[in-house]
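File shown: start_26.cif (mmCIF, C-alpha atoms).
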data_structure
loop_
_atom_site.label_atom_id
_atom_site.label_comp_id
_atom_site.auth_asym_id
_atom_site.auth_seq_id
_atom_site.Cartn_x
_atom_site.Cartn_y
_atom_site.Cartn_z
CA GLU A 1 -1.07 -9.42 35.56
CA ALA A 2 -1.96 -13.10 35.30
CA GLY A 3 -3.89 -14.52 38.22
CA VAL A 4 -3.51 -17.76 40.15
CA ALA A 5 -3.95 -20.67 37.77
CA GLN A 6 -5.41 -23.99 38.85
CA SER A 7 -6.16 -27.22 37.01
CA PRO A 8 -8.21 -29.20 36.46
CA ARG A 9 -11.40 -27.22 37.03
CA TYR A 10 -13.44 -30.35 37.73
CA LYS A 11 -12.50 -33.90 38.69
CA ILE A 12 -14.69 -36.93 39.36
CA ILE A 13 -13.14 -40.07 40.86
CA GLU A 14 -14.22 -43.12 42.77
CA LYS A 15 -13.32 -43.62 46.41
CA ARG A 16 -9.91 -45.14 47.04
CA GLN A 17 -8.56 -43.66 43.81
CA SER A 18 -5.80 -41.06 43.70
CA VAL A 19 -6.04 -37.50 42.44
CA ALA A 20 -3.70 -34.54 42.02
CA PHE A 21 -4.35 -30.82 41.69
CA TRP A 22 -1.98 -28.26 40.27
CA CYS A 23 -1.52 -24.60 41.14
CA ASN A 24 0.62 -21.89 39.56
CA PRO A 25 0.67 -18.76 41.75
CA ILE A 26 1.13 -15.19 40.61
CA SER A 27 4.71 -14.65 39.46
CA GLY A 28 6.97 -13.56 42.29
CA HIS A 29 4.56 -14.43 45.09
CA ALA A 30 6.46 -16.02 47.95
CA THR A 31 3.56 -17.57 49.84
CA LEU A 32 1.20 -20.24 48.56
CA TYR A 33 -1.85 -21.68 50.31
CA TRP A 34 -4.12 -24.64 49.70
CA TYR A 35 -7.66 -24.41 51.10
CA GLN A 36 -10.44 -27.01 51.21
CA GLN A 37 -14.00 -25.69 50.86
CA ILE A 38 -16.72 -28.21 51.60
CA LEU A 39 -20.18 -27.37 50.28
CA GLY A 40 -21.96 -24.92 52.58
CA GLN A 41 -18.83 -23.96 54.49
CA GLY A 42 -16.03 -21.45 54.31
CA PRO A 43 -12.56 -22.43 53.12
CA LYS A 44 -10.28 -24.23 55.57
CA LEU A 45 -6.50 -23.99 55.32
CA LEU A 46 -4.77 -27.26 54.50
CA ILE A 47 -1.18 -26.11 54.02
CA GLN A 48 0.85 -22.92 53.68
CA PHE A 49 4.22 -22.65 51.92
CA GLN A 50 6.70 -19.81 52.21
CA ASN A 51 8.87 -20.15 49.10
CA ASN A 52 9.43 -23.94 49.07
CA GLY A 53 9.23 -24.50 52.83
CA VAL A 54 6.13 -25.50 54.80
CA VAL A 55 4.92 -22.85 57.28
CA ASP A 56 1.72 -24.53 58.48
CA ASP A 57 0.33 -27.98 57.71
CA SER A 58 -1.42 -28.58 61.01
CA GLN A 59 -4.81 -29.23 59.36
CA LEU A 60 -3.54 -31.41 56.52
CA PRO A 61 -4.66 -35.07 56.89
CA LYS A 62 -1.18 -36.40 56.35
CA ASP A 63 -2.22 -40.03 56.13
CA ARG A 64 -3.81 -39.34 52.74
CA PHE A 65 -2.96 -35.80 51.66
CA SER A 66 0.43 -34.57 50.50
CA ALA A 67 1.62 -31.35 48.91
CA GLU A 68 4.82 -30.04 47.46
CA ARG A 69 6.08 -26.79 46.04
CA LEU A 70 9.14 -27.43 43.96
CA LYS A 71 11.55 -24.53 43.37
CA GLY A 72 9.21 -22.25 45.30
CA VAL A 73 6.92 -21.71 42.33
CA ASP A 74 4.04 -24.01 41.37
CA SER A 75 2.54 -26.59 43.68
CA THR A 76 0.77 -29.94 43.59
CA LEU A 77 -1.75 -31.26 46.12
CA LYS A 78 -2.37 -35.01 46.10
CA ILE A 79 -4.97 -37.22 47.75
CA GLN A 80 -4.27 -40.93 48.00
CA PRO A 81 -6.59 -42.75 48.58
CA ALA A 82 -9.63 -40.48 48.31
CA LYS A 83 -12.64 -40.78 50.62
CA LEU A 84 -16.21 -39.64 50.08
CA GLU A 85 -15.72 -36.81 52.58
CA ASP A 86 -12.94 -35.35 50.41
CA SER A 87 -15.56 -34.07 47.98
CA ALA A 88 -14.98 -30.32 48.02
CA VAL A 89 -13.55 -27.37 46.13
CA TYR A 90 -9.78 -27.08 46.52
CA LEU A 91 -8.66 -23.48 46.33
CA CYS A 92 -5.12 -22.29 45.82
CA ALA A 93 -4.07 -18.79 46.87
CA SER A 94 -0.87 -16.78 46.87
CA SER A 95 0.40 -13.60 48.46
CA PRO A 96 3.45 -11.47 47.66
CA ARG A 97 5.46 -11.81 50.82
CA GLY A 98 3.44 -13.58 53.50
CA ALA A 99 5.12 -11.31 55.98
CA GLY A 100 2.00 -9.73 57.37
CA ALA A 101 -1.35 -11.01 58.61
CA ASN A 102 -3.13 -8.22 56.74
CA GLU A 103 -1.59 -9.17 53.41
CA LYS A 104 -4.06 -9.65 50.59
CA LEU A 105 -4.49 -13.19 49.31
CA PHE A 106 -5.11 -13.78 45.60
CA PHE A 107 -7.22 -16.87 44.93
CA GLY A 108 -7.56 -19.15 41.95
CA SER A 109 -10.90 -20.51 40.72
CA GLY A 110 -10.38 -23.85 42.41
CA THR A 111 -10.79 -27.49 41.50
CA GLN A 112 -14.15 -29.08 42.28
CA LEU A 113 -13.61 -32.68 43.34
CA SER A 114 -16.42 -35.22 43.47
CA VAL A 115 -15.65 -38.58 45.07
CA LEU A 116 -18.24 -41.26 44.22
CA ALA B 117 -9.73 -21.42 69.35
CA GLN B 118 -10.95 -18.60 67.20
CA THR B 119 -14.35 -18.91 65.52
CA VAL B 120 -16.25 -16.82 63.00
CA THR B 121 -20.05 -16.90 62.84
CA GLN B 122 -22.28 -15.62 60.06
CA SER B 123 -25.88 -16.01 61.21
CA GLN B 124 -27.55 -15.13 57.90
CA PRO B 125 -27.31 -18.01 55.39
CA GLU B 126 -29.11 -15.92 52.75
CA MET B 127 -29.94 -12.26 52.22
CA SER B 128 -31.76 -10.42 49.49
CA VAL B 129 -31.65 -6.76 48.45
CA GLN B 130 -33.26 -4.64 45.79
CA GLU B 131 -30.94 -3.08 43.24
CA ALA B 132 -29.74 0.38 44.37
CA GLU B 133 -30.75 -0.31 47.98
CA THR B 134 -28.50 -0.91 51.00
CA VAL B 135 -27.91 -4.23 52.74
CA THR B 136 -25.96 -5.21 55.83
CA LEU B 137 -24.35 -8.61 56.35
CA SER B 138 -23.59 -9.70 59.91
CA CYS B 139 -20.51 -11.37 61.34
CA THR B 140 -19.42 -12.13 64.88
CA TYR B 141 -16.19 -13.71 66.00
CA ASP B 142 -14.65 -15.11 69.13
CA THR B 143 -11.01 -14.63 70.10
CA SER B 144 -8.87 -13.97 73.14
CA GLU B 145 -6.31 -12.11 71.02
CA SER B 146 -6.15 -8.31 70.95
CA ASP B 147 -4.18 -7.90 67.73
CA TYR B 148 -5.79 -9.31 64.60
CA TYR B 149 -7.32 -8.50 61.24
CA LEU B 150 -10.81 -8.98 59.88
CA PHE B 151 -11.78 -9.40 56.24
CA TRP B 152 -14.77 -9.70 53.97
CA TYR B 153 -14.29 -11.85 50.87
CA LYS B 154 -16.70 -12.19 47.95
CA GLN B 155 -17.08 -15.49 46.09
CA PRO B 156 -19.05 -15.33 42.83
CA PRO B 157 -20.09 -18.49 40.94
CA SER B 158 -16.65 -18.54 39.33
CA ARG B 159 -15.46 -19.68 42.81
CA GLN B 160 -12.60 -17.16 42.91
CA MET B 161 -12.45 -15.48 46.32
CA ILE B 162 -12.02 -11.72 46.03
CA LEU B 163 -11.04 -9.43 48.90
CA VAL B 164 -13.71 -6.78 49.47
CA ILE B 165 -12.46 -4.97 52.54
CA ARG B 166 -10.18 -5.43 55.56
CA GLN B 167 -10.03 -3.96 59.05
CA GLU B 168 -7.16 -3.77 61.51
CA ALA B 169 -8.35 -4.48 65.04
CA TYR B 170 -6.29 -1.72 66.63
CA LYS B 171 -7.80 0.92 64.36
CA GLN B 172 -11.04 2.37 65.70
CA GLN B 173 -11.99 3.97 62.39
CA ASN B 174 -14.20 1.76 60.26
CA ALA B 175 -12.76 0.77 56.88
CA THR B 176 -14.47 1.87 53.67
CA GLU B 177 -13.93 0.90 50.04
CA ASN B 178 -16.20 2.78 47.65
CA ARG B 179 -19.73 1.32 48.19
CA PHE B 180 -18.52 -1.10 50.87
CA SER B 181 -18.06 -0.17 54.51
CA VAL B 182 -17.83 -2.02 57.81
CA ASN B 183 -19.16 -1.48 61.29
CA PHE B 184 -16.45 -2.82 63.58
CA GLN B 185 -17.42 -3.17 67.23
CA LYS B 186 -14.36 -4.63 68.96
CA ALA B 187 -15.88 -5.01 72.41
CA ALA B 188 -18.90 -6.80 71.00
CA LYS B 189 -16.69 -8.78 68.58
CA SER B 190 -18.92 -7.78 65.72
CA PHE B 191 -17.88 -6.98 62.14
CA SER B 192 -20.74 -6.23 59.75
CA LEU B 193 -20.49 -5.32 56.06
CA LYS B 194 -22.69 -2.64 54.53
CA ILE B 195 -23.16 -2.55 50.78
CA SER B 196 -24.66 0.71 49.52
CA ASP B 197 -26.29 1.25 46.12
CA SER B 198 -26.37 -2.51 45.51
CA GLN B 199 -25.64 -3.66 41.98
CA LEU B 200 -26.48 -6.89 40.17
CA GLY B 201 -22.78 -7.75 40.15
CA ASP B 202 -22.76 -7.78 43.95
CA ALA B 203 -24.72 -11.05 43.95
CA ALA B 204 -22.38 -13.69 45.42
CA MET B 205 -21.40 -15.56 48.56
CA TYR B 206 -19.80 -13.30 51.15
CA PHE B 207 -17.39 -14.68 53.72
CA CYS B 208 -16.22 -13.00 56.87
CA ALA B 209 -12.69 -14.01 57.92
CA TYR B 210 -10.35 -13.53 60.87
CA ARG B 211 -6.58 -13.70 61.04
CA ARG B 212 -4.49 -13.12 64.13
CA ASN B 213 -1.43 -10.98 63.73
CA GLU B 214 1.60 -13.22 64.01
CA GLY B 215 3.72 -12.34 61.03
CA SER B 216 3.83 -14.80 58.18
CA GLN B 217 1.81 -17.36 60.06
CA GLY B 218 -1.71 -17.06 61.30
CA ASN B 219 -4.43 -19.01 59.62
CA LEU B 220 -7.30 -17.21 57.87
CA ILE B 221 -10.45 -18.50 59.58
CA PHE B 222 -13.63 -18.16 57.55
CA GLY B 223 -17.30 -18.14 58.51
CA LYS B 224 -19.82 -20.27 56.64
CA GLY B 225 -20.85 -17.45 54.37
CA THR B 226 -23.95 -15.47 53.41
CA LYS B 227 -25.50 -15.82 49.98
CA LEU B 228 -26.53 -12.39 48.71
CA SER B 229 -29.15 -12.06 45.97
CA VAL B 230 -29.74 -8.74 44.21
CA LYS B 231 -33.17 -8.20 42.66
CA PRO B 232 -33.48 -5.93 39.61
#

Encoding of this model in structure tokens:
Amino acid sequence: EAGVAQSPRYKIIEKRQSVAFWCNPISGHATLYWYQQILGQGPKLLIQFQNNGVVDDSQLPKDRFSAERLKGVDSTLKIQPAKLEDSAVYLCASSPRGAGANEKLFFGSGTQLSVL
Amino acid sequence: AQTVTQSQPEMSVQEAETVTLSCTYDTSESDYYLFWYKQPPSRQMILVIRQEAYKQQNATENRFSVNFQKAAKSFSLKISDSQLGDAAMYFCAYRRNEGSQGNLIFGKGTKLSVKP
């Protein structure tokens, strides 16, 4: 079974530039998550989709971050404009149903963003 | 708000020995789940073990077991017969049981080194 695919693996940009990350979850997984992991910290949820609807985006900085999941499959996370504090690893995860709090999440290898 | 604390930034263990990683959490909820995730240098988070709060029996998965003390809000991970492949960051995580919602809250992690 193919895992969660993310691209690019690394991205370096200057502050105030825009950047986009792409995620393709495991086939058939209904729920997709985007996490931000700042160096030295655990991941923090940015947004959760159930199929193509948003379940939780309470921690997404909506003035600069946006995300979409077209047709309930792959997803794109965008930052516009980027700030220095956005430097982090952006992890995408998916789960089969999202119907239970104990459901196992499958993570991708993330995109490491450096904002200079 | 729920919080997860991992007080050991780094731990070291000799190959084939046993090591215990500590985790405490704070919540006013009675129904929740606890997890340990492993993050190797590839950055992909991998579920190691999970515990349901209403189950008194400690979870075990092969060489991995937990010591869940609900009253003390403690959830430690024991790795027996440590192997070189166990070297990674380990994150403790909490998720309250509210169906498809319920954010996974991670601690800051413990870096485990395994000495040959």

*Resolved residues for the PyMOL selection byres ((chain A) within 9 of (chain B)) as a ChimeraX atom specification*: /A:31,40-45,48,50,55-56,89,91,97-102,104-110

Please evaluate the PyMOL selection byres ((chain B and resi 190) around 10) against the displayed coordinates and give the resulting residues as a short mmCIF file (atom, residue, chain, number, x, y, z; two decimals) with C-alpha atoms, keeping the file's coordinate frame.
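Once written, result39.cif looks like this:
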data_model
loop_
_atom_site.label_atom_id
_atom_site.label_comp_id
_atom_site.auth_asym_id
_atom_site.auth_seq_id
_atom_site.Cartn_x
_atom_site.Cartn_y
_atom_site.Cartn_z
CA VAL B 120 -16.25 -16.82 63.00
CA THR B 121 -20.05 -16.90 62.84
CA SER B 138 -23.59 -9.70 59.91
CA CYS B 139 -20.51 -11.37 61.34
CA THR B 140 -19.42 -12.13 64.88
CA TYR B 141 -16.19 -13.71 66.00
CA ASP B 142 -14.65 -15.11 69.13
CA VAL B 182 -17.83 -2.02 57.81
CA ASN B 183 -19.16 -1.48 61.29
CA PHE B 184 -16.45 -2.82 63.58
CA GLN B 185 -17.42 -3.17 67.23
CA LYS B 186 -14.36 -4.63 68.96
CA ALA B 187 -15.88 -5.01 72.41
CA ALA B 188 -18.90 -6.80 71.00
CA LYS B 189 -16.69 -8.78 68.58
CA PHE B 191 -17.88 -6.98 62.14
CA SER B 192 -20.74 -6.23 59.75
#

*asked:* Taking 3 positions as the minimum chain separation for residues in the same chain, which residues sit within 8 Å of Leu32 (chain A) when counting all atoms listed in the file? Answer as a PyMOL selection string.
replied: chain A and resi 25+29+48-51+92-95

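CA of Gly28 (chain A) lies 12.6 Å from CA of Asn52 (chain A).
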
*asked:* Show me, as a PyMOL selection string, the residues that have an atom within 8 Å of Lys78 (chain A) when counting all atoms listed in the file, minus same-chain residues fewer than 6 positions from it.
replied: chain A and resi 18-21+65-67

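As for CA of Trp34 (chain A) and CA of Gly201 (chain B), they are spaced 26.9 Å apart.
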